[in-house]
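K.L.:
Dropping the structure in here first, questions after.
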Amino acid sequence: MSDERVERRLAAVLAADVAGYSRLMGADEEGSLARLKTIRKALADPAIASYRGRIVKTTGDGMLVEFASAVDAVRCAVEVQRAIAELNADLPQEVRIQFRIGIHVGDIIIDDDDIFGDGVNIAARLEGIAAPGSVCISDDAQRQIRGKVDIAFEDIGPQKLKNIVEPMRAWRAQPGGLNAMMGSPGQAPALALPDKPSIAVLPFENLSGDREQDYFADGMVEDIITALSRFKSLFVIARNSSFTYKGRAVDIKQVGRDLGVRYVLEGSVRKAAGIIRISGQLINAATGTHLWADRFDGNLDNVFALQDKITEAVVSAIEPAVYQAEIDLAARRRPLDLSAYDLGLRASQHFNSMTREGIAEAIELCLRALELDPRYGFAAFIAGSCHFVSISQGWTPDVKHATEEAIRLLSLALAIDKNDPGVLATVGLGMSYLAEDTDVATEMVDRAVALNPNSALAWSQRGQAYLLGGKCAEAVRSFERSIRLNPLDPLLYFTLSGMGFALIELRRFDEAVGAAKKAIRQNQKYVQSYYCLASALGHAGPEAEAQKAVSRLLELNPDFRISEWVKRGASQWHTRNKLVIEGIRRAGIPE
């Protein structure tokens, strides 16, 4: 084994070649060579120098360039492609010289003036899958330029590259959009995607031929934009920008690039025989795939009520659809390449499992996210919620520590964004459960639903807080509103079991049994649902079913005892909601 030390460094590597070079040379050898030399001398070499790149080597039709910065490499590549496109504008297609460019950030080996290693190989393979006139970059490079370069890249997913063992996620800037990206005359530069889900709501098309319906459709779209803007987790394009597309045939992918959004909502309005039909569809602008579509019918007797009804239905469907799409995107990324945002989304998915293992994994992911970004409120919010669940489920061996961590993390989330309805409502619930301050809790959850009346999470947490405060009728109303807003919520069992407890206190035992059974069908490992079912059946029977519920509860939590549940839970809740405890005793759960 050689004792010679290999020199390595991290670099951004740009690989470029001429598309169809052999064809060009076969058709016009001297002319093609002259045009290529002109492009090199007048366009490529000066751009590389201005962005502090180093030309490592050239071949007959390509070059390998090293940059210290991914930002410089990408800006240089796009500038070169734009300039070549302008030069080609007046030339016949068959004589145009077009570069394909690939960029990767990775470790390289230095040998004299040459460079080697995977960093070089991957850049070359990305160049090979790039379209003529385009730029294709690795996921590593994209993460380096995110938020720093006003160039929109399309996520093309994992790519199988020649001689590279694992598929590599790649991004590309399409050739047709490069002029807009670099600010060609008369065009606004394309915008980079924000770090959180971004959406534009386009004006709905009026298909009825009745101009009066324009006012109805425009008003409804404005309401949808306003309602979506209340979700702190979303980046929503303002009305003035969205409405520039009114009356125009649009390419959804181009809209996404122009406005810098991943998702676009479009729709139509049609009136016939006194009935108005609204159709809407949510589209991933990068891929063109549909995430959600639905239609709504109503009459115009009360225009404003119809607008409110449709707005609520659309918004309550879109927010969960976008959230799940973001989780799916994060799940496809390699574990070593995750940003704080990706880690938070993965943590959220583990949290939704509501299992001991899932909660523990979610906490670890959130702590990693907070190490990367100490001001990432969503991660603090999820981690605090996890500790809260561990306490209420009886999973933590150290209740004191878990309580301190829950309060610390939820307080951090609130300090980062005190106007986030989900955070505000969850902190309010925590105040009610952990600190037993029901007055402050009520104030906080009420403020949360006022900030965003369309937040299913805020309404669910409001229901839990009112349940803990002994106001069960109002709790049921909040739970019902949450379910209506998000009937497909992955955490619906949490809401349903809470509603079941409230229904028990209202002596609506059969309804409580139904709510608990629905909760169990959605998640068979969430023990609170079995507490609820056992208590409701303890009151309503039959006895055999109650015993079956108790048996399943004790399978999940063999150490469960009523006294321990009361001890670790909010004592005020058990004082105010005595029918729940009475029902559990009747069902036969050990004291």
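Chain labels A, B, ... are given in the sequence in which chains occur in the structure tokens; within each chain residues are numbered consecutively from 1, and ligands are likewise numbered from 1 in the order shown.
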Do you know which residues are at most 9 Å from range 217-225 of chain A counting only C-alpha atoms, after dropping those on the same chain fewer than 3 positions away, and could you put them as a ChimeraX atom specification?
P.N.:
/A:200-206,213-214,228-230,236-239,243,268-269,278,304,307-308,310-312,314-315
K.L.:
Just C-alpha atoms for this one: save the residues we selected as a PDB file, in the first residue's frame.
P.N.:
```
ATOM      1  CA  ALA A 200     -50.689  29.569  -6.488  1.00  0.00           C
ATOM      2  CA  VAL A 201     -54.465  29.702  -6.978  1.00  0.00           C
ATOM      3  CA  LEU A 202     -55.300  30.670 -10.558  1.00  0.00           C
ATOM      4  CA  PRO A 203     -58.535  32.495 -11.507  1.00  0.00           C
ATOM      5  CA  PHE A 204     -61.275  29.957 -12.149  1.00  0.00           C
ATOM      6  CA  GLU A 205     -62.463  29.746 -15.747  1.00  0.00           C
ATOM      7  CA  ASN A 206     -66.045  30.812 -16.400  1.00  0.00           C
ATOM      8  CA  GLN A 213     -70.411  34.495 -12.847  1.00  0.00           C
ATOM      9  CA  ASP A 214     -66.973  36.085 -13.201  1.00  0.00           C
ATOM     10  CA  LEU A 228     -54.835  29.231   2.523  1.00  0.00           C
ATOM     11  CA  SER A 229     -52.707  32.199   3.620  1.00  0.00           C
ATOM     12  CA  ARG A 230     -53.749  31.547   7.207  1.00  0.00           C
ATOM     13  CA  VAL A 236     -49.230  31.325  -0.935  1.00  0.00           C
ATOM     14  CA  ILE A 237     -48.898  33.607  -3.954  1.00  0.00           C
ATOM     15  CA  ALA A 238     -50.854  36.848  -3.564  1.00  0.00           C
ATOM     16  CA  ARG A 239     -53.979  37.562  -5.590  1.00  0.00           C
ATOM     17  CA  PHE A 243     -54.802  37.081 -11.402  1.00  0.00           C
ATOM     18  CA  SER A 268     -63.844  26.274 -13.516  1.00  0.00           C
ATOM     19  CA  VAL A 269     -67.368  27.579 -12.947  1.00  0.00           C
ATOM     20  CA  ILE A 278     -67.475  24.420  -9.361  1.00  0.00           C
ATOM     21  CA  PHE A 304     -72.051  34.343  -0.028  1.00  0.00           C
ATOM     22  CA  GLN A 307     -68.844  30.833  -1.596  1.00  0.00           C
ATOM     23  CA  ASP A 308     -68.084  30.093   2.055  1.00  0.00           C
ATOM     24  CA  ILE A 310     -67.017  25.827  -1.364  1.00  0.00           C
ATOM     25  CA  THR A 311     -64.027  27.721   0.058  1.00  0.00           C
ATOM     26  CA  GLU A 312     -64.087  25.627   3.227  1.00  0.00           C
ATOM     27  CA  VAL A 314     -61.540  23.260  -1.120  1.00  0.00           C
ATOM     28  CA  VAL A 315     -59.164  24.552   1.556  1.00  0.00           C
TER      29      VAL A 315
END
```
K.L.:
Set the distance at 12 Å and use only C-alpha atoms: which residues neighbour Lys400 in chain A once local chain neighbours fewer than 3 positions away are removed? I'd like the list as a PyMOL selection string.
P.N.:
chain A and resi 387-388+390-391+396-397+403-407+434+568
K.L.:
Write out as an mmCIF file with N, CA and C atoms, in the first residue's frame all residues of range 308-439 of chain A that DSSP puts in helix (DSSP H, G or I) for this structure's backbone.
P.N.:
```cif
data_model
loop_
_atom_site.group_PDB
_atom_site.id
_atom_site.type_symbol
_atom_site.label_atom_id
_atom_site.label_comp_id
_atom_site.auth_asym_id
_atom_site.auth_seq_id
_atom_site.Cartn_x
_atom_site.Cartn_y
_atom_site.Cartn_z
ATOM 1 N N ASP A 308 -68.703 30.558 0.807
ATOM 2 C CA ASP A 308 -68.084 30.093 2.055
ATOM 3 C C ASP A 308 -68.023 28.568 2.105
ATOM 4 N N LYS A 309 -69.097 27.923 1.673
ATOM 5 C CA LYS A 309 -69.163 26.466 1.704
ATOM 6 C C LYS A 309 -68.094 25.848 0.802
ATOM 7 N N ILE A 310 -67.982 26.378 -0.411
ATOM 8 C CA ILE A 310 -67.017 25.827 -1.364
ATOM 9 C C ILE A 310 -65.591 26.142 -0.924
ATOM 10 N N THR A 311 -65.369 27.352 -0.423
ATOM 11 C CA THR A 311 -64.027 27.721 0.058
ATOM 12 C C THR A 311 -63.571 26.779 1.160
ATOM 13 N N GLU A 312 -64.436 26.521 2.118
ATOM 14 C CA GLU A 312 -64.087 25.627 3.227
ATOM 15 C C GLU A 312 -63.771 24.229 2.714
ATOM 16 N N ALA A 313 -64.595 23.736 1.781
ATOM 17 C CA ALA A 313 -64.391 22.382 1.254
ATOM 18 C C ALA A 313 -63.072 22.278 0.495
ATOM 19 N N VAL A 314 -62.771 23.284 -0.322
ATOM 20 C CA VAL A 314 -61.540 23.260 -1.120
ATOM 21 C C VAL A 314 -60.311 23.362 -0.219
ATOM 22 N N VAL A 315 -60.325 24.321 0.695
ATOM 23 C CA VAL A 315 -59.164 24.552 1.556
ATOM 24 C C VAL A 315 -58.908 23.349 2.464
ATOM 25 N N SER A 316 -59.955 22.771 3.016
ATOM 26 C CA SER A 316 -59.777 21.640 3.924
ATOM 27 C C SER A 316 -59.275 20.406 3.195
ATOM 28 N N ALA A 317 -59.443 20.352 1.870
ATOM 29 C CA ALA A 317 -58.903 19.242 1.092
ATOM 30 C C ALA A 317 -57.476 19.515 0.639
ATOM 31 N N ILE A 318 -57.181 20.772 0.301
ATOM 32 C CA ILE A 318 -55.877 21.108 -0.270
ATOM 33 C C ILE A 318 -54.764 21.018 0.757
ATOM 34 N N GLU A 319 -54.960 21.595 1.941
ATOM 35 C CA GLU A 319 -53.881 21.643 2.920
ATOM 36 C C GLU A 319 -53.366 20.255 3.284
ATOM 37 N N PRO A 320 -54.250 19.277 3.575
ATOM 38 C CA PRO A 320 -53.735 17.924 3.849
ATOM 39 C C PRO A 320 -53.081 17.286 2.624
ATOM 40 N N ALA A 321 -53.613 17.551 1.418
ATOM 41 C CA ALA A 321 -53.033 16.965 0.209
ATOM 42 C C ALA A 321 -51.615 17.479 -0.024
ATOM 43 N N VAL A 322 -51.414 18.774 0.172
ATOM 44 C CA VAL A 322 -50.085 19.362 0.010
ATOM 45 C C VAL A 322 -49.139 18.809 1.074
ATOM 46 N N TYR A 323 -49.621 18.724 2.297
ATOM 47 C CA TYR A 323 -48.802 18.240 3.404
ATOM 48 C C TYR A 323 -48.334 16.810 3.147
ATOM 49 N N GLN A 324 -49.243 15.949 2.675
ATOM 50 C CA GLN A 324 -48.871 14.567 2.396
ATOM 51 C C GLN A 324 -47.904 14.489 1.228
ATOM 52 N N ALA A 325 -48.109 15.339 0.212
ATOM 53 C CA ALA A 325 -47.189 15.355 -0.928
ATOM 54 C C ALA A 325 -45.785 15.748 -0.488
ATOM 55 N N GLU A 326 -45.681 16.690 0.446
ATOM 56 C CA GLU A 326 -44.374 17.105 0.958
ATOM 57 C C GLU A 326 -43.717 15.978 1.751
ATOM 58 N N ILE A 327 -44.507 15.243 2.534
ATOM 59 C CA ILE A 327 -43.977 14.092 3.272
ATOM 60 C C ILE A 327 -43.450 13.041 2.301
ATOM 61 N N ASP A 328 -44.195 12.790 1.219
ATOM 62 C CA ASP A 328 -43.770 11.808 0.224
ATOM 63 C C ASP A 328 -42.461 12.228 -0.441
ATOM 64 N N LEU A 329 -42.326 13.529 -0.723
ATOM 65 C CA LEU A 329 -41.080 14.028 -1.305
ATOM 66 C C LEU A 329 -39.903 13.809 -0.354
ATOM 67 N N ALA A 330 -40.113 14.144 0.920
ATOM 68 C CA ALA A 330 -39.043 13.976 1.917
ATOM 69 C C ALA A 330 -38.673 12.503 2.072
ATOM 70 N N ALA A 331 -39.668 11.620 1.988
ATOM 71 C CA ALA A 331 -39.404 10.193 2.171
ATOM 72 C C ALA A 331 -38.549 9.621 1.049
ATOM 73 N N ARG A 332 -38.564 10.253 -0.144
ATOM 74 C CA ARG A 332 -37.791 9.753 -1.282
ATOM 75 C C ARG A 332 -36.331 10.205 -1.240
ATOM 76 N N PRO A 335 -31.273 9.494 3.327
ATOM 77 C CA PRO A 335 -31.160 9.935 4.726
ATOM 78 C C PRO A 335 -30.009 10.903 4.978
ATOM 79 N N LEU A 336 -28.893 10.744 4.253
ATOM 80 C CA LEU A 336 -27.744 11.601 4.496
ATOM 81 C C LEU A 336 -27.900 12.985 3.885
ATOM 82 N N ASP A 337 -28.907 13.156 3.026
ATOM 83 C CA ASP A 337 -29.072 14.414 2.314
ATOM 84 C C ASP A 337 -30.225 15.261 2.846
ATOM 85 N N ALA A 340 -33.244 20.312 7.408
ATOM 86 C CA ALA A 340 -34.064 20.409 8.610
ATOM 87 C C ALA A 340 -35.541 20.233 8.266
ATOM 88 N N TYR A 341 -35.949 20.817 7.135
ATOM 89 C CA TYR A 341 -37.348 20.715 6.706
ATOM 90 C C TYR A 341 -37.729 19.264 6.428
ATOM 91 N N ASP A 342 -36.854 18.529 5.703
ATOM 92 C CA ASP A 342 -37.118 17.120 5.412
ATOM 93 C C ASP A 342 -37.220 16.297 6.694
ATOM 94 N N LEU A 343 -36.303 16.561 7.623
ATOM 95 C CA LEU A 343 -36.315 15.835 8.901
ATOM 96 C C LEU A 343 -37.611 16.086 9.657
ATOM 97 N N GLY A 344 -38.087 17.341 9.621
ATOM 98 C CA GLY A 344 -39.349 17.662 10.289
ATOM 99 C C GLY A 344 -40.521 16.919 9.684
ATOM 100 N N LEU A 345 -40.540 16.801 8.356
ATOM 101 C CA LEU A 345 -41.627 16.081 7.692
ATOM 102 C C LEU A 345 -41.586 14.588 8.032
ATOM 103 N N ARG A 346 -40.392 14.020 8.036
ATOM 104 C CA ARG A 346 -40.269 12.605 8.406
ATOM 105 C C ARG A 346 -40.704 12.385 9.853
ATOM 106 N N ALA A 347 -40.339 13.319 10.716
ATOM 107 C CA ALA A 347 -40.749 13.226 12.120
ATOM 108 C C ALA A 347 -42.265 13.265 12.229
ATOM 109 N N SER A 348 -42.879 14.113 11.433
ATOM 110 C CA SER A 348 -44.333 14.223 11.455
ATOM 111 C C SER A 348 -44.992 12.902 11.090
ATOM 112 N N GLN A 349 -44.422 12.218 10.093
ATOM 113 C CA GLN A 349 -44.982 10.932 9.687
ATOM 114 C C GLN A 349 -44.866 9.899 10.812
ATOM 115 N N HIS A 350 -43.733 9.877 11.509
ATOM 116 C CA HIS A 350 -43.571 8.960 12.646
ATOM 117 C C HIS A 350 -44.523 9.338 13.782
ATOM 118 N N PHE A 351 -44.710 10.640 13.995
ATOM 119 C CA PHE A 351 -45.637 11.097 15.026
ATOM 120 C C PHE A 351 -47.051 10.588 14.736
ATOM 121 N N ASN A 352 -47.426 10.636 13.461
ATOM 122 C CA ASN A 352 -48.773 10.208 13.075
ATOM 123 C C ASN A 352 -49.034 8.740 13.375
ATOM 124 N N SER A 353 -47.967 7.925 13.479
ATOM 125 C CA SER A 353 -48.166 6.506 13.785
ATOM 126 C C SER A 353 -48.709 6.315 15.199
ATOM 127 N N ARG A 356 -45.222 3.889 20.407
ATOM 128 C CA ARG A 356 -44.082 4.205 21.268
ATOM 129 C C ARG A 356 -42.805 4.378 20.429
ATOM 130 N N GLU A 357 -42.599 3.448 19.469
ATOM 131 C CA GLU A 357 -41.401 3.502 18.639
ATOM 132 C C GLU A 357 -41.435 4.712 17.701
ATOM 133 N N GLY A 358 -42.607 4.967 17.146
ATOM 134 C CA GLY A 358 -42.739 6.096 16.237
ATOM 135 C C GLY A 358 -42.500 7.435 16.929
ATOM 136 N N ILE A 359 -43.008 7.564 18.143
ATOM 137 C CA ILE A 359 -42.820 8.798 18.905
ATOM 138 C C ILE A 359 -41.343 9.002 19.241
ATOM 139 N N ALA A 360 -40.668 7.933 19.638
ATOM 140 C CA ALA A 360 -39.240 8.034 19.961
ATOM 141 C C ALA A 360 -38.430 8.437 18.730
ATOM 142 N N GLU A 361 -38.746 7.841 17.570
ATOM 143 C CA GLU A 361 -38.034 8.182 16.333
ATOM 144 C C GLU A 361 -38.309 9.626 15.936
ATOM 145 N N ALA A 362 -39.546 10.081 16.110
ATOM 146 C CA ALA A 362 -39.894 11.461 15.773
ATOM 147 C C ALA A 362 -39.097 12.457 16.608
ATOM 148 N N ILE A 363 -38.926 12.159 17.886
ATOM 149 C CA ILE A 363 -38.150 13.051 18.759
ATOM 150 C C ILE A 363 -36.713 13.149 18.262
ATOM 151 N N GLU A 364 -36.103 12.008 17.911
ATOM 152 C CA GLU A 364 -34.716 12.008 17.432
ATOM 153 C C GLU A 364 -34.584 12.818 16.144
ATOM 154 N N LEU A 365 -35.514 12.655 15.221
ATOM 155 C CA LEU A 365 -35.471 13.393 13.955
ATOM 156 C C LEU A 365 -35.618 14.896 14.191
ATOM 157 N N CYS A 366 -36.500 15.264 15.112
ATOM 158 C CA CYS A 366 -36.704 16.683 15.412
ATOM 159 C C CYS A 366 -35.471 17.301 16.051
ATOM 160 N N LEU A 367 -34.830 16.562 16.929
ATOM 161 C CA LEU A 367 -33.615 17.095 17.549
ATOM 162 C C LEU A 367 -32.517 17.292 16.513
ATOM 163 N N ARG A 368 -32.430 16.371 15.527
ATOM 164 C CA ARG A 368 -31.479 16.559 14.416
ATOM 165 C C ARG A 368 -31.828 17.803 13.608
ATOM 166 N N ALA A 369 -33.118 18.003 13.374
ATOM 167 C CA ALA A 369 -33.558 19.175 12.615
ATOM 168 C C ALA A 369 -33.211 20.464 13.354
ATOM 169 N N LEU A 370 -33.400 20.466 14.668
ATOM 170 C CA LEU A 370 -33.106 21.666 15.457
ATOM 171 C C LEU A 370 -31.603 21.933 15.554
ATOM 172 N N GLU A 371 -30.801 20.892 15.436
ATOM 173 C CA GLU A 371 -29.351 21.103 15.369
ATOM 174 C C GLU A 371 -28.982 21.835 14.088
ATOM 175 N N LEU A 372 -29.656 21.477 12.985
ATOM 176 C CA LEU A 372 -29.396 22.139 11.702
ATOM 177 C C LEU A 372 -29.982 23.541 11.678
ATOM 178 N N GLY A 377 -39.381 26.151 13.953
ATOM 179 C CA GLY A 377 -40.476 26.017 14.910
ATOM 180 C C GLY A 377 -41.271 24.742 14.758
ATOM 181 N N PHE A 378 -41.437 24.256 13.515
ATOM 182 C CA PHE A 378 -42.227 23.047 13.289
ATOM 183 C C PHE A 378 -41.598 21.854 13.995
ATOM 184 N N ALA A 379 -40.248 21.757 13.949
ATOM 185 C CA ALA A 379 -39.569 20.638 14.602
ATOM 186 C C ALA A 379 -39.748 20.712 16.115
ATOM 187 N N ALA A 380 -39.645 21.919 16.672
ATOM 188 C CA ALA A 380 -39.860 22.088 18.110
ATOM 189 C C ALA A 380 -41.297 21.718 18.488
ATOM 190 N N PHE A 381 -42.227 22.093 17.635
ATOM 191 C CA PHE A 381 -43.642 21.806 17.858
ATOM 192 C C PHE A 381 -43.903 20.294 17.870
ATOM 193 N N ILE A 382 -43.357 19.570 16.871
ATOM 194 C CA ILE A 382 -43.562 18.124 16.806
ATOM 195 C C ILE A 382 -42.885 17.428 17.987
ATOM 196 N N ALA A 383 -41.650 17.831 18.314
ATOM 197 C CA ALA A 383 -40.934 17.203 19.427
ATOM 198 C C ALA A 383 -41.669 17.411 20.749
ATOM 199 N N GLY A 384 -42.134 18.640 20.991
ATOM 200 C CA GLY A 384 -42.894 18.914 22.207
ATOM 201 C C GLY A 384 -44.169 18.100 22.274
ATOM 202 N N SER A 385 -44.852 17.971 21.126
ATOM 203 C CA SER A 385 -46.074 17.172 21.075
ATOM 204 C C SER A 385 -45.784 15.702 21.376
ATOM 205 N N CYS A 386 -44.623 15.222 20.900
ATOM 206 C CA CYS A 386 -44.244 13.826 21.152
ATOM 207 C C CYS A 386 -44.070 13.562 22.648
ATOM 208 N N HIS A 387 -43.399 14.465 23.334
ATOM 209 C CA HIS A 387 -43.230 14.293 24.788
ATOM 210 C C HIS A 387 -44.587 14.334 25.494
ATOM 211 N N PHE A 388 -45.459 15.191 25.015
ATOM 212 C CA PHE A 388 -46.812 15.307 25.569
ATOM 213 C C PHE A 388 -47.539 13.966 25.424
ATOM 214 N N VAL A 389 -47.453 13.369 24.228
ATOM 215 C CA VAL A 389 -48.109 12.083 23.980
ATOM 216 C C VAL A 389 -47.502 10.991 24.853
ATOM 217 N N SER A 390 -46.173 11.000 24.988
ATOM 218 C CA SER A 390 -45.515 9.989 25.832
ATOM 219 C C SER A 390 -46.032 10.015 27.265
ATOM 220 N N ILE A 391 -46.308 11.221 27.747
ATOM 221 C CA ILE A 391 -46.844 11.358 29.113
ATOM 222 C C ILE A 391 -48.266 10.810 29.186
ATOM 223 N N SER A 392 -49.113 11.260 28.258
ATOM 224 C CA SER A 392 -50.530 10.871 28.315
ATOM 225 C C SER A 392 -50.728 9.386 28.043
ATOM 226 N N GLN A 393 -49.817 8.783 27.248
ATOM 227 C CA GLN A 393 -49.947 7.368 26.928
ATOM 228 C C GLN A 393 -49.269 6.462 27.960
ATOM 229 N N VAL A 399 -41.624 10.980 33.962
ATOM 230 C CA VAL A 399 -42.671 11.959 33.651
ATOM 231 C C VAL A 399 -42.180 13.383 33.869
ATOM 232 N N LYS A 400 -41.385 13.586 34.919
ATOM 233 C CA LYS A 400 -40.885 14.930 35.230
ATOM 234 C C LYS A 400 -40.041 15.478 34.066
ATOM 235 N N HIS A 401 -39.110 14.657 33.566
ATOM 236 C CA HIS A 401 -38.254 15.090 32.458
ATOM 237 C C HIS A 401 -39.079 15.323 31.198
ATOM 238 N N ALA A 402 -39.998 14.406 30.908
ATOM 239 C CA ALA A 402 -40.829 14.546 29.708
ATOM 240 C C ALA A 402 -41.679 15.807 29.779
ATOM 241 N N THR A 403 -42.186 16.115 30.957
ATOM 242 C CA THR A 403 -42.985 17.329 31.136
ATOM 243 C C THR A 403 -42.133 18.575 30.886
ATOM 244 N N GLU A 404 -40.934 18.580 31.439
ATOM 245 C CA GLU A 404 -40.029 19.726 31.244
ATOM 246 C C GLU A 404 -39.691 19.909 29.758
ATOM 247 N N GLU A 405 -39.429 18.783 29.084
ATOM 248 C CA GLU A 405 -39.089 18.858 27.658
ATOM 249 C C GLU A 405 -40.292 19.294 26.823
ATOM 250 N N ALA A 406 -41.461 18.788 27.157
ATOM 251 C CA ALA A 406 -42.667 19.187 26.421
ATOM 252 C C ALA A 406 -42.894 20.691 26.546
ATOM 253 N N ILE A 407 -42.789 21.213 27.769
ATOM 254 C CA ILE A 407 -42.994 22.642 27.997
ATOM 255 C C ILE A 407 -41.903 23.458 27.304
ATOM 256 N N ARG A 408 -40.642 23.000 27.388
ATOM 257 C CA ARG A 408 -39.532 23.738 26.769
ATOM 258 C C ARG A 408 -39.695 23.826 25.251
ATOM 259 N N LEU A 409 -39.978 22.698 24.624
ATOM 260 C CA LEU A 409 -40.040 22.662 23.163
ATOM 261 C C LEU A 409 -41.281 23.372 22.625
ATOM 262 N N LEU A 410 -42.410 23.184 23.297
ATOM 263 C CA LEU A 410 -43.616 23.878 22.851
ATOM 264 C C LEU A 410 -43.484 25.387 23.067
ATOM 265 N N SER A 411 -42.832 25.782 24.143
ATOM 266 C CA SER A 411 -42.593 27.211 24.384
ATOM 267 C C SER A 411 -41.664 27.786 23.330
ATOM 268 N N LEU A 412 -40.654 26.995 22.921
ATOM 269 C CA LEU A 412 -39.746 27.431 21.856
ATOM 270 C C LEU A 412 -40.508 27.620 20.551
ATOM 271 N N ALA A 413 -41.362 26.659 20.219
ATOM 272 C CA ALA A 413 -42.159 26.767 18.995
ATOM 273 C C ALA A 413 -43.036 28.009 19.025
ATOM 274 N N LEU A 414 -43.625 28.286 20.172
ATOM 275 C CA LEU A 414 -44.496 29.453 20.307
ATOM 276 C C LEU A 414 -43.695 30.747 20.208
ATOM 277 N N ALA A 415 -42.481 30.751 20.773
ATOM 278 C CA ALA A 415 -41.634 31.946 20.712
ATOM 279 C C ALA A 415 -41.212 32.235 19.281
ATOM 280 N N ILE A 416 -41.002 31.184 18.484
ATOM 281 C CA ILE A 416 -40.591 31.361 17.085
ATOM 282 C C ILE A 416 -41.738 31.936 16.266
ATOM 283 N N PRO A 421 -51.469 28.970 14.306
ATOM 284 C CA PRO A 421 -52.648 28.428 14.997
ATOM 285 C C PRO A 421 -52.433 27.033 15.571
ATOM 286 N N GLY A 422 -51.755 26.143 14.815
ATOM 287 C CA GLY A 422 -51.530 24.789 15.308
ATOM 288 C C GLY A 422 -50.669 24.771 16.549
ATOM 289 N N VAL A 423 -49.604 25.566 16.531
ATOM 290 C CA VAL A 423 -48.720 25.650 17.692
ATOM 291 C C VAL A 423 -49.452 26.266 18.871
ATOM 292 N N LEU A 424 -50.165 27.349 18.611
ATOM 293 C CA LEU A 424 -50.890 28.049 19.670
ATOM 294 C C LEU A 424 -51.899 27.122 20.347
ATOM 295 N N ALA A 425 -52.636 26.365 19.535
ATOM 296 C CA ALA A 425 -53.649 25.461 20.090
ATOM 297 C C ALA A 425 -53.007 24.319 20.874
ATOM 298 N N THR A 426 -51.883 23.808 20.370
ATOM 299 C CA THR A 426 -51.217 22.695 21.066
ATOM 300 C C THR A 426 -50.601 23.159 22.380
ATOM 301 N N VAL A 427 -50.026 24.344 22.382
ATOM 302 C CA VAL A 427 -49.502 24.894 23.637
ATOM 303 C C VAL A 427 -50.648 25.121 24.618
ATOM 304 N N GLY A 428 -51.782 25.590 24.113
ATOM 305 C CA GLY A 428 -52.953 25.767 24.969
ATOM 306 C C GLY A 428 -53.399 24.455 25.583
ATOM 307 N N LEU A 429 -53.411 23.388 24.773
ATOM 308 C CA LEU A 429 -53.768 22.071 25.291
ATOM 309 C C LEU A 429 -52.751 21.623 26.332
ATOM 310 N N GLY A 430 -51.473 21.895 26.066
ATOM 311 C CA GLY A 430 -50.436 21.541 27.031
ATOM 312 C C GLY A 430 -50.607 22.276 28.349
ATOM 313 N N MET A 431 -50.986 23.554 28.265
ATOM 314 C CA MET A 431 -51.230 24.335 29.486
ATOM 315 C C MET A 431 -52.373 23.723 30.289
ATOM 316 N N SER A 432 -53.376 23.239 29.572
ATOM 317 C CA SER A 432 -54.526 22.655 30.244
ATOM 318 C C SER A 432 -54.164 21.320 30.890
ATOM 319 N N TYR A 433 -53.337 20.519 30.204
ATOM 320 C CA TYR A 433 -53.021 19.170 30.695
ATOM 321 C C TYR A 433 -51.857 19.178 31.677
ATOM 322 N N THR A 438 -56.626 26.074 32.980
ATOM 323 C CA THR A 438 -57.674 25.996 31.963
ATOM 324 C C THR A 438 -58.081 27.359 31.427
ATOM 325 N N ASP A 439 -57.958 28.419 32.227
ATOM 326 C CA ASP A 439 -58.331 29.752 31.750
ATOM 327 C C ASP A 439 -57.403 30.213 30.628
#
```
K.L.:
Applying 12 Å and only C-alpha atoms, which residues near Ala473 in chain A remain after dropping the ones on its own chain fewer than 2 positions away? List them as a compact mmCIF listing (two decimals) with C-alpha atoms, in the first residue's frame.
P.N.:
```txt
# COMPACT_ATOMS: atom_id res chain seq x y z
CA GLY A 463 -61.85 20.21 21.68
CA GLN A 464 -59.24 18.47 23.82
CA TYR A 466 -62.38 22.13 26.48
CA LEU A 467 -62.73 18.43 27.37
CA LEU A 468 -60.00 18.79 30.01
CA GLY A 469 -61.80 21.86 31.30
CA GLY A 470 -65.04 19.92 31.71
CA LYS A 471 -66.93 21.82 28.96
CA ALA A 475 -65.64 20.08 23.09
CA VAL A 476 -67.92 17.94 20.91
CA ARG A 477 -68.71 20.94 18.70
CA SER A 478 -64.98 21.56 18.20
CA PHE A 479 -64.27 17.91 17.42
CA GLU A 480 -67.11 17.80 14.89
CA MET A 499 -64.93 13.23 21.19
CA GLY A 500 -65.84 9.81 22.63
CA PHE A 501 -64.72 10.91 26.12
CA ALA A 502 -66.80 14.10 25.81
CA LEU A 503 -69.84 12.12 24.67
CA ILE A 504 -69.52 9.84 27.72
CA GLU A 505 -69.70 12.86 30.03
CA LEU A 506 -72.81 14.01 28.13
CA ARG A 507 -74.32 10.51 28.71
CA ARG A 508 -74.44 9.86 24.96
```
K.L.:
For CA of Ala285 in chain A and CA of Ile252 in chain A, quote the distance in Å rounded to one decimal.
P.N.:
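For CA of Ala285 in chain A relative to CA of Ile252 in chain A, the distance reads 5.7 Å.
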K.L.:
Neighbouring residues of Ser529 in chain A were defined as those with any atom within 8 Å, considering only C-alpha atoms; residues of the same chain fewer than 6 positions away were excluded. Please report them as a PyMOL selection string.
P.N.:
chain A and resi 493-494+497+516-517+519-520
